[in-house]
>>> print(open('upload_24.txt').read())   # compact mmCIF, C-alpha atoms
# COMPACT_ATOMS: atom_id res chain seq x y z
CA MET A 136 69.15 58.71 162.33
CA LYS A 137 65.81 56.96 162.15
CA GLN A 138 65.78 53.38 163.41
CA THR A 139 65.09 50.88 160.65
CA THR A 140 64.52 47.14 160.60
CA PRO A 141 66.97 44.82 158.80
CA GLN A 142 64.33 44.06 156.14
CA GLU A 143 64.06 47.76 155.38
CA ASP A 144 67.85 48.08 155.15
CA PHE A 145 67.79 45.36 152.52
CA LEU A 146 64.68 46.36 150.56
CA ARG A 147 65.21 50.12 150.53
CA GLY A 148 68.00 50.16 147.96
CA ILE A 149 66.23 47.84 145.52
CA TRP A 150 63.43 50.09 144.43
CA ARG A 151 62.16 52.83 146.75
CA GLU A 152 65.61 54.43 147.02
CA ASN A 153 67.08 52.92 143.89
CA PRO A 154 70.56 54.46 143.56
CA VAL A 155 70.28 55.24 139.85
CA LEU A 156 66.61 55.73 139.04
CA ILE A 157 65.54 57.62 142.17
CA GLN A 158 68.71 59.09 143.69
CA MET A 159 70.44 59.81 140.35
CA LEU A 160 73.85 58.59 141.54
CA GLY A 161 76.45 56.68 139.55
CA LEU A 162 75.28 57.97 136.18
CA CYS A 163 78.69 57.61 134.54
CA PRO A 164 78.79 53.76 134.43
CA THR A 165 75.01 53.59 133.94
CA LEU A 166 75.28 55.45 130.65
CA ALA A 167 78.73 54.44 129.48
CA VAL A 168 78.80 50.64 129.61
CA THR A 169 75.18 49.68 129.03
CA ASN A 170 75.40 49.29 125.25
CA THR A 171 75.13 45.50 125.59
CA VAL A 172 73.57 43.37 128.32
CA ALA A 173 76.82 41.40 128.84
CA ASN A 174 78.77 44.61 129.56
CA GLY A 175 76.01 45.82 131.88
CA ILE A 176 76.09 42.57 133.86
CA ALA A 177 79.90 42.62 134.16
CA MET A 178 79.79 46.23 135.38
CA ALA A 179 77.01 45.48 137.86
CA ALA A 180 78.90 42.45 139.19
CA ALA A 181 82.12 44.42 139.66
CA THR A 182 80.31 47.29 141.39
CA PHE A 183 78.38 44.82 143.56
CA PHE A 184 81.63 43.21 144.69
CA VAL A 185 83.29 46.55 145.46
CA LEU A 186 80.23 47.85 147.31
CA LEU A 187 79.90 44.70 149.42
CA GLY A 188 83.60 44.54 150.25
CA SER A 189 83.99 48.19 151.15
CA SER A 190 80.74 48.33 153.17
CA PHE A 191 81.94 45.34 155.16
CA LEU A 192 85.42 46.74 155.77
CA VAL A 193 84.29 50.30 156.49
CA SER A 194 81.78 49.22 159.12
CA LEU A 195 84.41 46.91 160.59
CA VAL A 196 87.04 49.64 161.05
CA LYS A 197 84.67 52.53 161.80
CA ARG A 198 85.95 52.89 165.39
CA LEU A 199 89.61 52.92 164.33
CA VAL A 200 89.33 55.71 161.75
CA PRO A 201 89.60 59.31 163.03
CA ASN A 202 86.78 61.53 161.84
CA GLU A 203 89.06 64.00 160.01
CA VAL A 204 90.51 61.47 157.57
CA ARG A 205 87.45 59.27 157.14
CA ILE A 206 86.70 60.18 153.51
CA SER A 207 90.30 59.55 152.43
CA SER A 208 90.28 56.23 154.28
CA TYR A 209 87.03 55.17 152.58
CA ILE A 210 88.43 56.08 149.17
CA LEU A 211 91.56 54.03 149.87
CA ILE A 212 89.46 51.02 150.93
CA ILE A 213 87.29 51.38 147.82
CA ALA A 214 90.34 51.75 145.55
CA THR A 215 91.81 48.56 146.99
CA PHE A 216 88.67 46.57 146.18
CA VAL A 217 88.45 48.12 142.71
CA THR A 218 92.04 47.06 142.01
CA ILE A 219 91.11 43.49 143.04
CA ALA A 220 88.04 43.58 140.76
CA ASP A 221 90.06 45.05 137.88
CA LEU A 222 92.79 42.42 138.02
CA SER A 223 90.29 39.56 138.51
CA LEU A 224 88.15 40.60 135.53
CA GLU A 225 91.25 40.87 133.38
CA ALA A 226 92.17 37.30 134.32
CA ILE A 227 88.68 35.75 134.06
CA VAL A 228 86.94 37.54 131.15
CA PRO A 229 89.61 39.41 129.13
CA GLU A 230 87.22 40.40 126.28
CA ILE A 231 84.73 42.08 128.59
CA HIS A 232 87.55 43.72 130.52
CA LYS A 233 88.76 45.18 127.26
CA ALA A 234 85.27 46.40 126.30
CA LEU A 235 84.76 48.13 129.66
CA GLY A 236 88.26 49.62 129.47
CA ALA A 237 88.80 52.64 131.70
CA PHE A 238 85.37 52.33 133.28
CA ILE A 239 86.43 49.56 135.69
CA PRO A 240 89.04 51.77 137.45
CA LEU A 241 86.44 54.54 137.43
CA ILE A 242 84.26 52.54 139.86
CA VAL A 243 86.40 54.29 142.52
CA VAL A 244 84.63 57.58 141.89
CA ASN A 245 81.16 56.03 141.61
CA CYS A 246 79.22 58.16 144.09
CA ILE A 247 76.88 55.27 144.99
CA ILE A 248 79.70 53.48 146.80
CA LEU A 249 81.14 56.45 148.69
CA GLY A 250 77.60 57.62 149.44
CA ARG A 251 76.63 54.32 151.10
CA GLN A 252 79.83 54.33 153.21
CA GLU A 253 79.34 57.89 154.39
CA ALA A 254 75.58 57.65 154.94
CA PHE A 255 75.28 54.14 156.31
CA SER A 256 78.28 51.87 156.93
CA ALA A 257 80.19 54.51 158.92
CA ASN A 258 77.73 54.34 161.81
CA THR A 259 75.98 50.96 161.69
CA SER A 260 76.83 47.37 162.53
CA VAL A 261 78.61 45.05 160.10
CA GLY A 262 75.58 42.83 159.48
CA ARG A 263 73.24 45.68 158.58
CA SER A 264 75.86 47.39 156.38
CA VAL A 265 76.24 44.18 154.40
CA LEU A 266 72.45 43.89 154.03
CA ASP A 267 72.29 47.50 152.86
CA ALA A 268 75.14 46.92 150.38
CA ILE A 269 73.38 43.85 148.95
CA GLY A 270 70.12 45.78 148.55
CA THR A 271 71.81 48.74 146.88
CA GLY A 272 73.84 46.40 144.67
CA ILE A 273 70.67 44.64 143.49
CA GLY A 274 69.07 48.03 142.81
CA PHE A 275 72.06 49.09 140.71
CA THR A 276 71.96 45.76 138.82
CA ILE A 277 68.25 46.22 138.06
CA ALA A 278 68.90 49.74 136.72
CA LEU A 279 71.78 48.56 134.51
CA LEU A 280 69.65 45.68 133.17
CA MET A 281 66.79 48.08 132.39
CA MET A 282 69.19 50.34 130.50
CA SER A 283 71.23 47.71 128.67
CA GLY A 284 68.17 45.58 127.84
CA VAL A 285 66.45 48.43 126.01
CA ARG A 286 69.63 49.60 124.31
CA GLU A 287 70.75 46.19 123.08
CA ILE A 288 67.29 45.13 121.85
CA LEU A 289 66.69 48.39 119.96
CA GLY A 290 70.28 48.96 118.87
CA MET A 291 71.22 45.47 117.69
CA GLY A 292 67.97 43.48 117.82
CA THR A 293 69.52 41.00 120.25
CA PHE A 294 69.43 40.23 123.96
CA LEU A 295 72.66 38.79 125.42
CA GLY A 296 73.66 37.98 121.86
CA PHE A 297 70.45 36.05 120.98
CA SER A 298 68.38 37.45 118.17
CA ILE A 299 65.05 38.85 119.42
CA MET A 300 63.72 40.98 116.62
CA GLY A 301 64.25 38.51 113.79
CA PRO A 302 66.54 38.76 110.75
CA HIS A 303 64.63 41.58 109.02
CA TYR A 304 64.99 44.05 111.89
CA GLU A 305 66.85 47.19 110.90
CA PRO A 306 69.06 47.98 113.96
CA TRP A 307 68.54 51.35 115.52
CA VAL A 308 72.28 51.97 115.77
CA ILE A 309 71.99 55.27 117.62
CA MET A 310 70.79 53.40 120.74
CA ILE A 311 74.16 51.70 121.31
CA LEU A 312 76.06 54.96 120.66
CA PRO A 313 76.45 57.63 123.39
CA PRO A 314 73.27 59.64 122.58
CA GLY A 315 71.19 56.48 123.04
CA GLY A 316 72.36 56.24 126.65
CA PHE A 317 71.14 59.73 127.50
CA LEU A 318 67.84 59.26 125.69
CA THR A 319 67.10 55.81 127.17
CA LEU A 320 67.67 57.02 130.74
CA GLY A 321 65.65 60.16 130.03
CA PHE A 322 62.67 58.12 128.86
CA TRP A 323 62.93 55.64 131.74
CA LEU A 324 62.83 58.58 134.16
CA LEU A 325 59.80 60.00 132.38
CA GLY A 326 58.07 56.62 132.68
CA ILE A 327 58.86 56.36 136.39
CA ALA A 328 57.67 59.92 137.05
CA TRP A 329 54.44 59.15 135.21
CA TYR A 330 53.93 55.94 137.23
CA GLN A 331 54.54 57.74 140.52
CA GLN A 332 52.21 60.57 139.60
CA ARG A 333 49.48 58.11 138.68
CA LYS A 334 49.95 56.20 141.93
CA ALA A 335 49.82 59.40 143.98
CA ARG A 336 46.68 60.53 142.20
CA LYS A 337 45.05 57.12 142.70
CA SER A 338 45.83 57.03 146.41
CA ALA A 339 44.58 60.61 146.77
CA ALA A 340 41.34 59.65 145.02
CA GLN A 341 41.01 56.61 147.26
CA LYS A 342 41.55 58.72 150.38
CA GLY A 343 38.94 61.15 149.12
CA ALA A 344 36.50 58.27 148.61
CA THR A 345 37.11 56.92 152.13
CA VAL A 346 36.54 60.35 153.61
CA ALA A 347 33.30 60.69 151.66
CA VAL A 348 32.11 57.27 152.87
CA ALA A 349 33.04 58.17 156.46
CA GLU A 350 31.16 61.46 156.17
CA ARG A 351 28.06 59.73 154.80
CA ALA A 352 28.22 57.16 157.59
CA ALA A 353 28.39 59.94 160.15
CA MET B 602 102.96 70.05 116.39
CA GLY B 603 100.10 68.91 114.16
CA ASN B 604 99.78 65.82 116.29
CA LEU B 605 99.41 67.91 119.47
CA PHE B 606 96.75 70.04 117.81
CA TRP B 607 94.76 66.96 116.85
CA ILE B 608 94.98 65.59 120.38
CA LEU B 609 93.48 68.87 121.59
CA ILE B 610 90.68 68.96 119.02
CA SER B 611 89.90 65.28 119.44
CA ALA B 612 89.54 65.57 123.23
CA MET B 613 87.56 68.78 122.90
CA VAL B 614 84.85 67.98 120.38
CA VAL B 615 85.15 64.56 118.74
CA ASN B 616 85.60 62.53 121.93
CA ASN B 617 84.08 65.10 124.25
CA PHE B 618 84.50 63.83 127.82
CA THR B 619 80.93 64.55 128.85
CA LEU B 620 78.96 63.82 125.72
CA ALA B 621 80.90 60.84 124.34
CA TYR B 622 82.52 59.25 127.41
CA PHE B 623 79.94 60.25 130.06
CA LEU B 624 82.63 61.56 132.40
CA GLY B 625 81.89 64.43 134.78
CA LEU B 626 78.13 64.09 134.58
CA CYS B 627 77.52 65.27 138.16
CA PRO B 628 78.62 68.88 137.48
CA PHE B 629 77.07 68.61 134.01
CA PHE B 630 73.62 68.16 135.54
CA GLY B 631 74.32 69.81 138.90
CA VAL B 632 75.77 73.23 138.08
CA SER B 633 74.42 73.80 134.58
CA GLY B 634 71.55 75.96 135.74
CA ARG B 635 73.24 79.32 135.01
CA VAL B 636 75.73 80.20 132.29
CA SER B 637 77.93 82.28 134.63
CA THR B 638 78.32 79.37 137.10
CA ALA B 639 78.93 76.95 134.26
CA VAL B 640 81.80 79.08 132.94
CA ARG B 641 83.49 79.23 136.35
CA MET B 642 83.06 75.50 136.88
CA GLY B 643 84.61 74.93 133.46
CA MET B 644 87.61 77.14 134.31
CA ALA B 645 88.18 75.27 137.59
CA ASN B 646 88.02 72.01 135.64
CA ILE B 647 90.58 73.11 133.03
CA PHE B 648 92.93 74.15 135.82
CA VAL B 649 92.67 70.91 137.82
CA LEU B 650 92.77 68.70 134.70
CA THR B 651 96.03 70.27 133.54
CA LEU B 652 97.65 69.86 136.97
CA THR B 653 96.40 66.27 137.15
CA SER B 654 97.87 65.49 133.77
CA ILE B 655 101.31 66.68 134.91
CA CYS B 656 101.04 64.68 138.16
CA ALA B 657 99.88 61.55 136.35
CA TRP B 658 102.82 61.84 133.96
CA ALA B 659 105.25 62.21 136.88
CA LEU B 660 103.76 59.21 138.68
CA ASN B 661 103.83 57.10 135.52
CA THR B 662 107.44 57.98 134.78
CA PHE B 663 109.09 57.97 138.19
CA VAL B 664 107.02 55.87 140.60
CA LEU B 665 104.67 53.39 139.01
CA PRO B 666 107.17 51.33 136.97
CA TYR B 667 108.22 49.91 140.35
CA ALA B 668 104.70 49.07 141.52
CA PRO B 669 102.18 48.91 138.65
CA TYR B 670 99.39 47.40 140.81
CA LEU B 671 99.31 50.58 142.92
CA ARG B 672 98.33 52.73 139.92
CA LEU B 673 94.73 53.40 140.87
CA ILE B 674 95.41 54.03 144.55
CA ALA B 675 98.34 56.32 143.77
CA PHE B 676 96.26 58.36 141.28
CA ILE B 677 93.33 58.87 143.60
CA VAL B 678 95.49 59.82 146.58
CA VAL B 679 97.62 62.25 144.57
CA ILE B 680 94.60 63.89 142.93
CA ALA B 681 92.74 64.32 146.23
CA SER B 682 95.76 65.85 147.98
CA LEU B 683 96.59 68.00 144.95
CA VAL B 684 93.16 69.61 144.97
CA GLN B 685 93.46 70.27 148.71
CA ILE B 686 96.85 71.93 148.27
CA VAL B 687 95.67 73.99 145.29
CA GLU B 688 92.68 75.16 147.32
CA MET B 689 94.94 76.28 150.18
CA VAL B 690 97.43 78.01 147.89
CA ILE B 691 94.75 79.90 145.96
CA LYS B 692 93.08 80.97 149.19
CA LYS B 693 96.37 82.42 150.40
CA VAL B 694 97.64 83.92 147.15
CA SER B 695 94.51 85.20 145.45
CA PRO B 696 91.36 85.57 147.55
CA VAL B 697 89.50 86.93 144.52
CA LEU B 698 90.19 83.84 142.45
CA PHE B 699 89.32 81.71 145.46
CA ARG B 700 85.89 83.29 145.69
CA GLN B 701 85.41 82.58 141.99
CA LEU B 702 86.53 78.94 141.98
CA GLY B 703 86.56 78.06 145.68
CA ILE B 704 83.35 76.14 146.10
CA PHE B 705 83.93 74.13 142.96
CA LEU B 706 87.38 72.79 143.81
CA PRO B 707 86.35 70.18 146.43
CA LEU B 708 83.53 69.07 144.15
CA ILE B 709 86.03 68.39 141.40
CA THR B 710 88.02 65.86 143.44
CA THR B 711 85.31 63.23 143.14
CA ASN B 712 84.60 64.15 139.52
CA CYS B 713 85.23 61.12 137.34
CA ALA B 714 86.59 63.29 134.53
CA ILE B 715 89.76 63.94 136.54
CA LEU B 716 90.53 60.29 137.31
CA GLY B 717 89.35 59.37 133.82
CA LEU B 718 91.88 61.75 132.28
CA ALA B 719 94.73 60.19 134.28
CA ILE B 720 93.68 56.68 133.24
CA PHE B 721 93.13 57.49 129.55
CA GLN B 722 96.44 59.30 129.40
CA THR B 723 98.21 56.26 130.85
CA ASN B 724 96.42 53.79 128.57
CA ARG B 725 97.36 55.80 125.49
CA GLY B 726 100.95 56.30 126.61
CA TYR B 727 100.97 60.08 126.26
CA GLY B 728 104.15 62.00 127.17
CA LEU B 729 104.27 65.24 129.18
CA LEU B 730 103.44 67.66 126.37
CA GLU B 731 100.83 65.40 124.75
CA GLY B 732 99.24 64.95 128.19
CA ILE B 733 98.98 68.69 128.77
CA PHE B 734 97.33 69.25 125.39
CA PHE B 735 94.99 66.32 126.06
CA ALA B 736 94.04 67.88 129.42
CA LEU B 737 93.50 71.32 127.88
CA GLY B 738 91.29 69.80 125.18
CA ALA B 739 89.31 67.78 127.69
CA GLY B 740 88.85 70.84 129.93
CA LEU B 741 87.75 73.06 127.04
CA GLY B 742 85.38 70.32 125.91
CA LEU B 743 83.83 70.06 129.38
CA THR B 744 83.44 73.84 129.52
CA LEU B 745 81.85 73.89 126.08
CA ALA B 746 79.35 71.16 127.02
CA LEU B 747 78.56 72.86 130.34
CA VAL B 748 77.98 76.26 128.77
CA LEU B 749 75.83 74.85 125.96
CA MET B 750 73.77 72.88 128.47
CA ALA B 751 73.38 75.90 130.76
CA SER B 752 72.23 78.17 127.93
CA ILE B 753 69.65 75.64 126.78
CA ARG B 754 68.39 75.13 130.31
CA GLU B 755 68.14 78.88 130.93
CA ASP B 756 65.95 79.14 127.85
CA SER B 757 63.89 76.07 128.61
CA GLU B 758 62.84 77.57 131.94
CA LEU B 759 60.58 79.92 130.02
CA ALA B 760 59.21 77.22 127.75
CA ASP B 761 55.93 75.49 128.38
CA ILE B 762 57.05 71.98 129.31
CA PRO B 763 54.78 69.34 130.91
CA ARG B 764 55.40 69.24 134.66
CA LEU B 765 56.20 65.53 134.42
CA ALA B 766 59.21 66.14 132.19
CA ARG B 767 60.78 68.98 134.15
CA GLY B 768 64.07 68.29 135.95
CA THR B 769 66.45 65.46 135.27
CA ALA B 770 64.42 63.72 132.56
CA LEU B 771 64.42 66.87 130.44
CA SER B 772 68.14 67.48 131.10
CA LEU B 773 68.94 63.94 129.97
CA ILE B 774 66.98 64.30 126.76
CA ILE B 775 68.66 67.66 126.03
CA ALA B 776 72.03 66.01 126.71
CA GLY B 777 71.07 63.21 124.31
CA SER B 778 70.37 65.72 121.53
CA LEU B 779 73.62 67.58 122.24
CA SER B 780 75.51 64.31 122.14
CA LEU B 781 73.86 63.47 118.84
CA ALA B 782 75.00 66.83 117.44
CA PHE B 783 78.55 66.30 118.67
CA MET B 784 78.72 62.95 116.88
CA GLY B 785 78.80 64.96 113.69
CA PHE B 786 82.32 66.11 114.58
CA ALA B 787 83.56 62.55 114.01
CA GLY B 788 83.51 63.49 110.34
CA LEU B 789 86.40 65.90 110.99
CA PHE B 790 88.87 63.03 111.13
CA SER B 791 87.69 61.13 108.09
CA ALA B 792 87.68 64.40 106.14
CA VAL B 793 91.33 65.08 106.97
CA SER B 794 92.78 61.58 106.60
>>> encode(input="upload_24.txt", output="structure tokens")
Amino acid sequence: MKQTTPQEDFLRGIWRENPVLIQMLGLCPTLAVTNTVANGIAMAAATFFVLLGSSFLVSLVKRLVPNEVRISSYILIIATFVTIADLSLEAIVPEIHKALGAFIPLIVVNCIILGRQEAFSANTSVGRSVLDAIGTGIGFTIALLMMSGVREILGMGTFLGFSIMGPHYEPWVIMILPPGGFLTLGFWLLGIAWYQQRKARKSAAQKGATVAVAERAA
Amino acid sequence: MGNLFWILISAMVVNNFTLAYFLGLCPFFGVSGRVSTAVRMGMANIFVLTLTSICAWALNTFVLPYAPYLRLIAFIVVIASLVQIVEMVIKKVSPVLFRQLGIFLPLITTNCAILGLAIFQTNRGYGLLEGIFFALGAGLGLTLALVLMASIREDSELADIPRLARGTALSLIIAGSLSLAFMGFAGLFSAVS
């Protein structure tokens, strides 16, 4: 594995290797619970907590777990943290817990979490695993906010319950229904691909220009 | 009997697992490149979903009343070991079937549709028979969505699509349109009742 600095561990997950938008992991919660910003934030917070807790614990016990049963052990650790998150949310914010329904227990099978344990926490120190988990968690939160922001503004004309589009806005109801989730993510991905293509073209053009200048100088 | 039939239809088209609940999206985007693969993946899903439903019912009836907080952990452990056992049994009993379904079985363990089915079934308080019909409906629905997606993607390979949109973005937009079409089935219930 390539050696990385702690800053890279932290920053990588936020944008360059964003779990949802670049790696396409954890699509199920990204599409299912982002119909309002409040639901998106609750989901992101729960996933963040589970990711942080399991990254910490997995890197702590990595020497004690035999290689053959490592995946099962990770899933058990993750399921324990998800149970904690599930029961806590039910106690603290019962309405949101009800709105998210079965999708809180389903954090167990969110591939972002298992992926980070298998790819990172299982063979790195506790400190760096926690940094990596925080970075990935922030990246996931950003993706959920991008999704739920667009869907709530277009679908209900509000943001976190505050009216944005004014009283005469005709809500675009389809955006808060299931098809809206697929379409919003599809268009975000198109936008990101366009941005990356433009950046690549620009840097290629710049490189070409530098080469030309160097040739003229020679 | 009518009730069981409606559970099946509801899970299959009206509340399709993939297109309405977003469960099992990884195989939906991952193995929907060819219709033949999609069909086999769907079959493997129906099989595992039905077994899971029976296991979830047994756990809910005999074990979990004594320790409700262990629900999630018990489900995930039982499902993971079940798939392992099924894989071993099929390999031993029917090598032909194993070659057909083999590679898909381990993939299914981490598929959220399986755990989702167990949780939904528990939340709705389904009994054994209702659970089995629910699982069959969900499995058929997944297969239907997979096959539809695969056929559209096979065709779209020949279409002239901007390079930017190829890949996941296009798949998501196709899925969005499919989901939109499936919403029409919601009318089935209001028409009957």
>>> closest_atom_pairs(input="upload_24.txt", of="chain B", to="chain A", cutoff="10 Å", atoms="all atoms listed in the file", output="Markdown table")
| residue | atom | partner | partner_atom | distance |
| --- | --- | --- | --- | --- |
| B:Thr619 | CA | A:Cys163 | CA | 9.2 |
| B:Leu620 | CA | A:Pro313 | CA | 7.1 |
| B:Ala621 | CA | A:Pro313 | CA | 5.6 |
| B:Tyr622 | CA | A:Ala167 | CA | 6.5 |
| B:Phe623 | CA | A:Cys163 | CA | 5.3 |
| B:Leu624 | CA | A:Cys163 | CA | 6.0 |
| B:Gly625 | CA | A:Cys163 | CA | 7.5 |
| B:Leu626 | CA | A:Cys163 | CA | 6.5 |
| B:Cys627 | CA | A:Leu162 | CA | 7.9 |
| B:Tyr670 | CA | A:Thr218 | CA | 7.5 |
| B:Leu671 | CA | A:Thr218 | CA | 8.1 |
| B:Arg672 | CA | A:Thr218 | CA | 8.7 |
| B:Leu673 | CA | A:Ala214 | CA | 6.6 |
| B:Ile674 | CA | A:Ala214 | CA | 5.6 |
| B:Ala675 | CA | A:Ala214 | CA | 9.4 |
| B:Phe676 | CA | A:Ala214 | CA | 9.8 |
| B:Ile677 | CA | A:Ile210 | CA | 7.9 |
| B:Val678 | CA | A:Leu211 | CA | 7.7 |
| B:Ala681 | CA | A:Ser207 | CA | 8.2 |
| B:Ser682 | CA | A:Ser207 | CA | 9.5 |
| B:Thr710 | CA | A:Val244 | CA | 9.1 |
| B:Thr711 | CA | A:Val244 | CA | 5.8 |
| B:Asn712 | CA | A:Val244 | CA | 7.0 |
| B:Cys713 | CA | A:Val244 | CA | 5.8 |
| B:Ala714 | CA | A:Leu241 | CA | 9.2 |
| B:Ile715 | CA | A:Val244 | CA | 9.8 |
| B:Leu716 | CA | A:Leu241 | CA | 7.1 |
| B:Gly717 | CA | A:Leu241 | CA | 6.7 |
| B:Leu718 | CA | A:Ala237 | CA | 9.6 |
| B:Ala719 | CA | A:Ala237 | CA | 9.9 |
| B:Ile720 | CA | A:Ala237 | CA | 6.5 |
| B:Phe721 | CA | A:Ala237 | CA | 6.8 |
| B:Asn724 | CA | A:Ala237 | CA | 8.3 |
| B:Arg764 | CA | A:Ala328 | CA | 9.9 |
| B:Leu765 | CA | A:Ala328 | CA | 6.4 |
| B:Ala766 | CA | A:Leu325 | CA | 6.2 |
| B:Arg767 | CA | A:Leu325 | CA | 9.2 |
| B:Gly768 | CA | A:Leu324 | CA | 10.0 |
| B:Thr769 | CA | A:Gly321 | CA | 7.5 |
| B:Ala770 | CA | A:Gly321 | CA | 4.5 |
| B:Leu771 | CA | A:Gly321 | CA | 6.8 |
| B:Ser772 | CA | A:Gly321 | CA | 7.8 |
| B:Leu773 | CA | A:Gly321 | CA | 5.0 |
| B:Ile774 | CA | A:Leu318 | CA | 5.2 |
| B:Ile775 | CA | A:Phe317 | CA | 8.4 |
| B:Ala776 | CA | A:Phe317 | CA | 6.4 |
| B:Gly777 | CA | A:Pro314 | CA | 4.5 |
| B:Ser778 | CA | A:Pro314 | CA | 6.8 |
| B:Leu779 | CA | A:Pro314 | CA | 8.0 |
| B:Ser780 | CA | A:Pro314 | CA | 5.2 |
| B:Leu781 | CA | A:Pro314 | CA | 5.4 |
| B:Ala782 | CA | A:Pro314 | CA | 9.0 |
| B:Phe783 | CA | A:Pro314 | CA | 9.4 |
| B:Met784 | CA | A:Pro314 | CA | 8.6 |
>>> atom_distance(input="upload_24.txt", atom1="atom CA of Asp144 of chain A", atom2="atom CA of Leu266 of chain A")
6.3 Å
>>> residues_near_point(input="upload_24.txt", point="(75.7, 43.5, 140.2)", cutoff="9 Å", atoms="all atoms listed in the file", output="VMD selection string")
chain A and resid 175 to 184 272 to 277 279
>>> residues_around(input="upload_24.txt", residues="Gly292 of chain A", least_positions_apart="6", cutoff="10 Å", atoms="only C-alpha atoms", output="PDB file with C-alpha atoms, in the frame of the given file")
ATOM      1  CA  VAL A 285      66.450  48.430 126.010  1.00  0.00           C
ATOM      2  CA  ARG A 286      69.630  49.600 124.310  1.00  0.00           C
ATOM      3  CA  SER A 298      68.380  37.450 118.170  1.00  0.00           C
ATOM      4  CA  ILE A 299      65.050  38.850 119.420  1.00  0.00           C
ATOM      5  CA  MET A 300      63.720  40.980 116.620  1.00  0.00           C
ATOM      6  CA  GLY A 301      64.250  38.510 113.790  1.00  0.00           C
ATOM      7  CA  PRO A 302      66.540  38.760 110.750  1.00  0.00           C
ATOM      8  CA  HIS A 303      64.630  41.580 109.020  1.00  0.00           C
ATOM      9  CA  TYR A 304      64.990  44.050 111.890  1.00  0.00           C
ATOM     10  CA  GLU A 305      66.850  47.190 110.900  1.00  0.00           C
ATOM     11  CA  PRO A 306      69.060  47.980 113.960  1.00  0.00           C
ATOM     12  CA  TRP A 307      68.540  51.350 115.520  1.00  0.00           C
ATOM     13  CA  VAL A 308      72.280  51.970 115.770  1.00  0.00           C
TER      14      VAL A 308
END
>>> residues_around(input="upload_24.txt", residues="Phe734 of chain B", least_positions_apart="4", cutoff="7 Å", atoms="all atoms listed in the file", output="PDB file with C-alpha atoms, in the frame of the given file")
ATOM      1  CA  LEU B 605      99.410  67.910 119.470  1.00  0.00           C
ATOM      2  CA  ILE B 608      94.980  65.590 120.380  1.00  0.00           C
ATOM      3  CA  LEU B 609      93.480  68.870 121.590  1.00  0.00           C
ATOM      4  CA  LEU B 730     103.440  67.660 126.370  1.00  0.00           C
ATOM      5  CA  GLY B 738      91.290  69.800 125.180  1.00  0.00           C
TER       6      GLY B 738
END
>>> atom_distance(input="upload_24.txt", atom1="atom CA of Glu688 of chain B", atom2="atom CA of Gly742 of chain B")
23.1 Å
>>> closest_residue(input="upload_24.txt", among="B:Gly726, B:Gly634, B:Gly643, B:Pro628", to="Glu755 of chain B", atoms="all atoms listed in the file")
B:Gly634
>>> atom_distance(input="upload_24.txt", atom1="atom CA of Phe699 of chain B", atom2="atom CA of Arg641 of chain B")
11.1 Å
>>> residues_around(input="upload_24.txt", residues="Arg198 of chain A", least_positions_apart="5", cutoff="10 Å", atoms="only C-alpha atoms", output="list in words")
Val193, Ala257 and Asn258 of chain A
>>> residues_around(input="upload_24.txt", residues="Phe255 of chain A", least_positions_apart="6", cutoff="10 Å", atoms="all atoms listed in the file", output="list in words")
Met136, Asp144, Ser190, Val193, Ser194, Leu249, Arg263, Ser264, Asp267 and Ala268 of chain A
>>> build_atoms(input="upload_24.txt", residues="segment 294-303 of chain A", atoms="N, CA and C atoms", output="PDB file, in the frame of the given file")
ATOM      1  N   PHE A 294      69.382  40.139 122.514  1.00  0.00           N
ATOM      2  CA  PHE A 294      69.430  40.230 123.960  1.00  0.00           C
ATOM      3  C   PHE A 294      70.463  39.210 124.417  1.00  0.00           C
ATOM      4  N   LEU A 295      71.537  39.660 125.038  1.00  0.00           N
ATOM      5  CA  LEU A 295      72.660  38.790 125.420  1.00  0.00           C
ATOM      6  C   LEU A 295      73.204  38.023 124.224  1.00  0.00           C
ATOM      7  N   GLY A 296      73.122  38.633 123.043  1.00  0.00           N
ATOM      8  CA  GLY A 296      73.660  37.980 121.860  1.00  0.00           C
ATOM      9  C   GLY A 296      72.659  37.136 121.090  1.00  0.00           C
ATOM     10  N   PHE A 297      71.460  36.835 121.695  1.00  0.00           N
ATOM     11  CA  PHE A 297      70.450  36.050 120.980  1.00  0.00           C
ATOM     12  C   PHE A 297      69.542  36.990 120.220  1.00  0.00           C
ATOM     13  N   SER A 298      69.215  36.592 118.993  1.00  0.00           N
ATOM     14  CA  SER A 298      68.380  37.450 118.170  1.00  0.00           C
ATOM     15  C   SER A 298      66.953  37.471 118.723  1.00  0.00           C
ATOM     16  N   ILE A 299      66.402  38.700 118.863  1.00  0.00           N
ATOM     17  CA  ILE A 299      65.050  38.850 119.420  1.00  0.00           C
ATOM     18  C   ILE A 299      64.112  39.345 118.325  1.00  0.00           C
ATOM     19  N   MET A 300      64.598  40.290 117.542  1.00  0.00           N
ATOM     20  CA  MET A 300      63.720  40.980 116.620  1.00  0.00           C
ATOM     21  C   MET A 300      63.636  40.305 115.251  1.00  0.00           C
ATOM     22  N   GLY A 301      64.316  39.175 115.073  1.00  0.00           N
ATOM     23  CA  GLY A 301      64.250  38.510 113.790  1.00  0.00           C
ATOM     24  C   GLY A 301      65.243  39.088 112.798  1.00  0.00           C
ATOM     25  N   PRO A 302      65.482  38.373 111.685  1.00  0.00           N
ATOM     26  CA  PRO A 302      66.540  38.760 110.750  1.00  0.00           C
ATOM     27  C   PRO A 302      66.232  40.032 109.964  1.00  0.00           C
ATOM     28  N   HIS A 303      64.943  40.428 109.869  1.00  0.00           N
ATOM     29  CA  HIS A 303      64.630  41.580 109.020  1.00  0.00           C
ATOM     30  C   HIS A 303      64.638  42.887 109.793  1.00  0.00           C
TER      31      HIS A 303
END
